[in-house]
Structures are given as C-alpha cells and as structure tokens.
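S.K.: Mind having a look at this structure? Questions to follow.
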Amino acid sequence: MPIVNVTLEDILRARDTRANAQRRLLRAYRLPLVSFTMNITGPVKSSPLIELAFDAGLEALYDALGQPAAAEVIRPATGCEALLVYDRPAAELKAACLTLETAAPIGRLYDLDVLDTDGSKLSRPEPRTCLICGGPVTVCSRSRAHGLDAIVGRTHEILADFAAGHLAGLAAKALTEEVRLTPKPGLVDERNNGAHNDMNLPLFLRSIDALTPWFRRITALSLSGADAAALQAAGLEAEAAMFRATGGVNTHKGALFSFSVLLAALGRCLAEGGDVFAHAAALAAELTPPQDTHGAAVAAHHQVGGARSEALAGFPTARKAAALLQTHDPLTALLWLMAHTEDTNLYHRGGAEGAAFVKAQAAAILAAPPKQRTTLTQALDDALIDRWLSPGGSADLLAMALFLNNYFTAFHFFGK
C-alpha cells in the first residue's frame with residue numbers, strides 16, 4: 001500500500017462525498033445508519049496499521065450489531081470509511097458505538113457517528129478526551145496545547161500497541177482452536193492425551209497463556225524496527241516462559257518458532273509494507289539456526305525439512321492449509337497436512353516407516369466418505385497411540401493455517 005499525504009482540499013472533498021452518500025442511503029432505506037471513519041491526525045490518513053485497526057472496528061461493529069441492511073465500505077487515501085444501515089433504533093446504535101469508542105484505547109481513534117432517519121446526528125453525552133493529556137479535546141484543539149508531532153506520535157503508539165495485542169490474540173486463539181480440535185490422531189485433544197504421557201489439555205492451555213504476552217512482545221519489537229538478534233532473544237525468553245509454565249515439558253517449541261517468525265513478519269509488513277511471506281522468509285534466513293534439536297537431527301539424517309525450512313520458504317504448506325480452510329473444516333485440513341507433510345516429529349519417533357504409515361492412513365481417511373471421517377480418525381488416533389506416534393509438526397501447521405485464515409478473512413473482509 002503506497003503511503004500518500006493528503007491535502008485539506010482532499011479531506012473536504014471526501015467529507016462532501018460521504019455526506020452525499022449518507023443522504024442517498026437514508027433516502028433509499030429510511031433507516032438509521034452508522035458512519036465509521038478513523039480519527040487520524042496529520043497528512044497520512046491510510047496505512048496498513050490504520051487499516052488493521054479499521055477492519056477490527058468493523059468486525060466489532062458486526063459482532064455488536066449484527067448484519068446491516070446495507071453496507072458501503074471504501075478505502076481511499078483520505079481514510080477508510082464505512083456506512084452501515086441498520087433496522088434498529090438510532091439510540092441503540094449510538095449506545096453500541098459509544099461502548100466501542102470507550103472500551104479500549106484503540107476506540108479513541110474510531111469516529112462512529114449515528115444518523116437517524118431524518119439525517120440528524122445523535123450527539124455524544126460527553127465530549128471526547130485529548131489523546132495527549134486526557135482533557136476535553138475541544139479545549140486542547142482550540143488552544144493548540146499540543147503540537148502536531150506529539151499527536152501523530154501518540155496516534156502511532158496506540159495503533160502499534162493495538163496491532164501487537166490483536167495479532168497476539170489471534171495467535172493464541174489459533175493455538176487454542178488447534179489443541180481443542182477433537183479427534184486428532186496421536187495428539188492431545190479433548191478426547192485423550194494422544195501419544196504422550198507428559199502432556200494433557202490443561203498443560204497446553206497453560207503454555208498458550210504463558211506464550212501470549214511474548215507473542216505481543218515480539219510483534220511490538222518488530223513494529224518498532226527491532227533486528228533479528230533482538231527478536232531471537234525475545235523468542236528464547238518466550239521459550240523459557242513456556243518451560244516454566246509446563247514444568248519443563250516441550251508443548252509448543254516448534255509452534256513458538258513458527259508463530260514468532262510470522263508475527264515478526266507481520267510487524268514488518270504493517271510498519272514497512274510489502275509481502276508478509278517474503279518478510280517471513282527473509283527473517284527466517286537472518287535468524288541463527290537452532291542447534292541440538294530433534295528437528296535439526298531429523299532433517300540432517302532423513303533429508304527432510306522442518307519448521308525452519310517451512311519458514312525459509314515463506315510458509316507454503318501452512319498457506320495451502322489456510323486456503324483449504326476456506327471450504328473445509330479443520331479436521332480435513334489436519335488430515336491433508338498429515339498426508340502431505342514431512343513431519344519431523346514422526347520421523348523422530350517412528351523413523352521413515354512411521355512417517356509413511358501416518359501419511360498413508362491420513363490419505364485413506366481423506367479418500368473415504370466424509371460421514372466416516374470421525375470414526376476413522378478415532379481409530380487412527382488409537383493406532384498412533386499404540387505406535388507412540390504424534391504428528392506434532394502437522395498440528396503446528398494447522399495452528400498456523402487457522403491463524404492465517406482468521407487474519408486474512410478479517411483483514412479487508414468487509415471491503416470485498
């Protein structure tokens with residue numbers, strides 16, 4: 001996305017265009033509408049960070065108010081805009097909008113106007129507060145109490161902090177969805193502990209809770225321009241936090257690496273633009289390769305790739321699984337991954353024979369009638385537990401695919 005400096009004339013022209021669109025929708029539907037724009041000070045009104053916050057706001061509006069009777073969303077250089085028509089009382093819409101504007105710091109950057117059927121705009125019960133000092137914004141604005149640079153800087157801080165927390169939350173959600181998916185052959189789920197005697201569902205959930213603040217930290221570091229060494233140091237601290245939470249059990253080491261690379265790549269993409277997967281591949285190449293890990297030993301002995309190879313290639317397998325999730329359920333995506341992935345965890349536990357067995361069994365389930373899939377998966381789960389085989393690499397890739405599907409479905413979803 002090119003960053004464009006807009007002029008006052010551009011902003012005034014966009015405001016007139018928006019007012020005309022509001023009048024047109026009010027005439028056509030004779031229903032109240034929500035007009036959503038962003039409060040962004042300075043000549044840059046649109047950027048990847050701003051659009052991420054805008055899309056999250058749209059998602060929150062849809063969650064709070066449901067499907068609108070009509071929606072128009074545009075993304076000009078003068079800033080993202082949404083006009084949403086609802087068959088609900090205007091006062092009810094205003095109450096929901098005020099909640100969204102005040103529930104979190106990012107809400108301060110949301111400008112949510114509600115127009116009743118006659119075109120009148122519902123007023124706020126209290127004035128907005130200043131981004132810098134927290135006082136009435138009208139007073140600070142009239143007196144020019146704070147310089148433009150300070151307001152622009154504070155706006156960027158709010159946007160970056162929101163992005164770090166939002167992306168970390170999506171990562172935690174994906175890991176939780178993965179571990180709770182049931183049944184999963186040989187893996188911890190809500191049915192059993194899989195082919196593990198040192199892991200269970202509560203342990204995985206504690207691990208996710210311990211990692212989430214570090215996902216936020218790694219994303220924030222990347223947004224601020226941190227180099228690979230600083231990001232890798234944060235990743236090692238995250239790993240230590242995981243081991244403290246699990247009593248030394250390796251629940252998410254592979255997933256931590258993959259998610260750290262992807263989140264850092266997203267941070268770079270939001271800050272600098274470009275392709276997130278190209279950023280991921282470049283970042284993975286900058287990181288010092290891990291030593292003395294099962295994955296590294298398997299890769300050397302069996303000449304197969306692992307989490308690092310996937311990252312170096314820009315996560316092609318996770319991306320294919322994410323595309324599959326557009327039309328299929330997570331279990332189908334997991335079975336596809338098991339059938340197509342060189343899972344280093346399986347090679348470590350069962351050698352080439354064990355890995356080939358899992359691939360063949362997963363492919364057979366995919367070829368069977370869908371109504372038999374759950375029963376066959378449960379049978380494979382029992383078989384893998386007997387053989388002590390756990391496709392942990394496929395589970396990590398499924399979590400990555402769930403994250404990518406959630407992120408790219410929400411980001412710009414409402415503008416399609």
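Residues are referred to by chain and number: the chain letter is A, B, ... according to the order shown in the structure tokens, the number counts from 1 in that chain, and ligands are numbered separately from 1 in the order shown.
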Please report, as a ChimeraX atom specification, each residue of region 207-408 of chain A to which DSSP assigns alpha helix (DSSP H) when run on this structure's backbone.

M.R.: /A:207-223,228-246,253-272,276-286,294-302,307-312,316-324,330-340,344-367,373-387,392-408

S.K.: Sort by chain and increasing residue number a table of all residues of region 157-243 of chain A within 10 Å of region 372-387 of chain A, each with its closest pair of atoms and their distance in Å to one decimal, counting only C-alpha atoms, and write it as CSV.

M.R.:
residue,atom,partner,partner_atom,distance
A:Thr182,CA,A:Gln378,CA,9.0
A:Pro183,CA,A:Gln378,CA,6.1
A:Lys184,CA,A:Asp381,CA,6.5
A:Pro185,CA,A:Asp381,CA,3.7
A:Gly186,CA,A:Asp381,CA,5.0
A:Leu187,CA,A:Asp381,CA,7.7
A:Arg191,CA,A:Gln378,CA,9.2
A:Asn192,CA,A:Asp381,CA,9.3
A:Asn193,CA,A:Ile385,CA,9.0
A:Gly194,CA,A:Ile385,CA,5.8
A:Ala195,CA,A:Ile385,CA,4.5
A:His196,CA,A:Ile385,CA,8.0

S.K.: Restricting the output to N, CA and C atoms, write the selected residues as an mmCIF file, in the first residue's frame.

M.R.:
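Resulting contents of result.cif:
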data_model
loop_
_atom_site.group_PDB
_atom_site.id
_atom_site.type_symbol
_atom_site.label_atom_id
_atom_site.label_comp_id
_atom_site.auth_asym_id
_atom_site.auth_seq_id
_atom_site.Cartn_x
_atom_site.Cartn_y
_atom_site.Cartn_z
ATOM 1 N N THR A 182 -11.074 -32.009 18.168
ATOM 2 C CA THR A 182 -11.205 -33.396 18.577
ATOM 3 C C THR A 182 -12.110 -34.128 17.582
ATOM 4 N N PRO A 183 -11.692 -35.354 17.144
ATOM 5 C CA PRO A 183 -10.471 -36.074 17.499
ATOM 6 C C PRO A 183 -9.295 -35.650 16.620
ATOM 7 N N LYS A 184 -8.090 -35.847 17.172
ATOM 8 C CA LYS A 184 -6.854 -35.612 16.414
ATOM 9 C C LYS A 184 -5.954 -36.839 16.614
ATOM 10 N N PRO A 185 -5.538 -37.486 15.541
ATOM 11 C CA PRO A 185 -4.764 -38.724 15.678
ATOM 12 C C PRO A 185 -3.410 -38.516 16.365
ATOM 13 N N GLY A 186 -3.216 -39.182 17.491
ATOM 14 C CA GLY A 186 -1.936 -39.171 18.185
ATOM 15 C C GLY A 186 -1.618 -37.895 18.918
ATOM 16 N N LEU A 187 -2.552 -36.957 18.946
ATOM 17 C CA LEU A 187 -2.289 -35.634 19.505
ATOM 18 C C LEU A 187 -3.181 -35.357 20.718
ATOM 19 N N ARG A 191 -10.353 -35.549 23.769
ATOM 20 C CA ARG A 191 -10.668 -36.979 23.878
ATOM 21 C C ARG A 191 -9.650 -37.713 24.742
ATOM 22 N N ASN A 192 -8.359 -37.395 24.546
ATOM 23 C CA ASN A 192 -7.299 -38.066 25.302
ATOM 24 C C ASN A 192 -5.999 -37.271 25.164
ATOM 25 N N ASN A 193 -4.918 -37.819 25.697
ATOM 26 C CA ASN A 193 -3.616 -37.154 25.655
ATOM 27 C C ASN A 193 -2.771 -37.577 24.461
ATOM 28 N N GLY A 194 -3.366 -38.329 23.532
ATOM 29 C CA GLY A 194 -2.616 -38.756 22.370
ATOM 30 C C GLY A 194 -1.449 -39.647 22.758
ATOM 31 N N ALA A 195 -0.423 -39.639 21.929
ATOM 32 C CA ALA A 195 0.764 -40.464 22.175
ATOM 33 C C ALA A 195 1.736 -39.719 23.082
ATOM 34 N N HIS A 196 1.242 -39.300 24.234
ATOM 35 C CA HIS A 196 2.057 -38.529 25.175
ATOM 36 C C HIS A 196 1.716 -38.960 26.598
#

S.K.: Restricting the calculation to only C-alpha atoms, which member of A:Gly165, A:Pro202, A:Gly306, A:Gly351 is positioned closest to Arg180 (chain A)?

M.R.: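 So, comparing all the options, the nearest one is A:Pro202.
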
S.K.: Per residue of region 140-221 of chain A within 10 Å of region 122-136 of chain A, record the nearest atom pair and its distance in Å to one decimal, counting only C-alpha atoms, with rows in chain order and ascending residue number, as a Markdown table.

M.R.:
| residue | atom | partner | partner_atom | distance |
| --- | --- | --- | --- | --- |
| A:Cys140 | CA | A:Pro136 | CA | 6.7 |
| A:Ser141 | CA | A:Cys130 | CA | 8.4 |
| A:Ala145 | CA | A:Cys133 | CA | 9.4 |
| A:His146 | CA | A:Ile132 | CA | 7.4 |
| A:Gly147 | CA | A:Ile132 | CA | 9.9 |
| A:Ala150 | CA | A:Ile132 | CA | 7.7 |
| A:Ile151 | CA | A:Ile132 | CA | 6.8 |
| A:Val152 | CA | A:Leu131 | CA | 9.7 |
| A:Gly153 | CA | A:Ile132 | CA | 9.8 |
| A:Arg154 | CA | A:Leu131 | CA | 7.0 |
| A:Thr155 | CA | A:Leu131 | CA | 7.7 |
| A:Ile158 | CA | A:Leu131 | CA | 9.5 |

S.K.: What would the file look like if the residues just selected were written as a PDB file, in the first residue's frame with C-alpha atoms?

M.R.:
ATOM      1  CA  CYS A 140      -6.841  21.444  23.618  1.00  0.00           C
ATOM      2  CA  SER A 141      -7.690  21.818  19.942  1.00  0.00           C
ATOM      3  CA  ALA A 145      -1.963  22.864  23.531  1.00  0.00           C
ATOM      4  CA  HIS A 146      -0.080  20.002  21.876  1.00  0.00           C
ATOM      5  CA  GLY A 147       1.988  20.023  18.713  1.00  0.00           C
ATOM      6  CA  ALA A 150       3.101  14.796  19.558  1.00  0.00           C
ATOM      7  CA  ILE A 151      -0.411  13.890  18.430  1.00  0.00           C
ATOM      8  CA  VAL A 152       0.839  11.947  15.402  1.00  0.00           C
ATOM      9  CA  GLY A 153       3.318  10.108  17.617  1.00  0.00           C
ATOM     10  CA  ARG A 154       0.681   9.213  20.196  1.00  0.00           C
ATOM     11  CA  THR A 155      -1.642   8.013  17.436  1.00  0.00           C
ATOM     12  CA  ILE A 158      -1.989   3.478  20.015  1.00  0.00           C
TER      13      ILE A 158
END

S.K.: Do a neighbour search on region 110-113 of chain A at 8 Å with only C-alpha atoms, toss out local chain neighbours closer than 6 positions, and write the hits as an NGL selection string.

M.R.: :A and (34-39 or 54 or 57 or 94 or 97-98 or 101 or 121-122)

S.K.: I need the chosen residues saved as a PDB file, in the first residue's frame, with C-alpha atoms.

M.R.:
ATOM      1  CA  VAL A  34     -23.668   4.267  11.336  1.00  0.00           C
ATOM      2  CA  SER A  35     -20.929   6.299   9.673  1.00  0.00           C
ATOM      3  CA  PHE A  36     -17.498   4.910  10.621  1.00  0.00           C
ATOM      4  CA  THR A  37     -14.218   6.722   9.921  1.00  0.00           C
ATOM      5  CA  MET A  38     -10.873   6.986  11.731  1.00  0.00           C
ATOM      6  CA  ASN A  39      -9.635   9.925  13.827  1.00  0.00           C
ATOM      7  CA  PHE A  54     -10.343  -0.058  10.968  1.00  0.00           C
ATOM      8  CA  GLY A  57     -13.511  -1.964  14.358  1.00  0.00           C
ATOM      9  CA  LYS A  94     -25.337   5.082  19.390  1.00  0.00           C
ATOM     10  CA  CYS A  97     -20.881   2.810  19.164  1.00  0.00           C
ATOM     11  CA  LEU A  98     -20.062   4.675  22.389  1.00  0.00           C
ATOM     12  CA  GLU A 101     -15.207   4.012  21.312  1.00  0.00           C
ATOM     13  CA  LYS A 121     -26.749  13.178  14.072  1.00  0.00           C
ATOM     14  CA  LEU A 122     -27.052  11.868  17.601  1.00  0.00           C
TER      15      LEU A 122
END

S.K.: Of the candidates A:Leu266, A:Ala228, A:Val6, A:Leu337, which one gets nearest to Thr41 (chain A) if we count only C-alpha atoms?

M.R.: A:Val6

S.K.: Rank nothing, just name the residue among A:Leu331, A:Cys269, A:Met400, A:Ile74 nearest to Pro370 (chain A), using only C-alpha atoms.

M.R.: A:Leu331
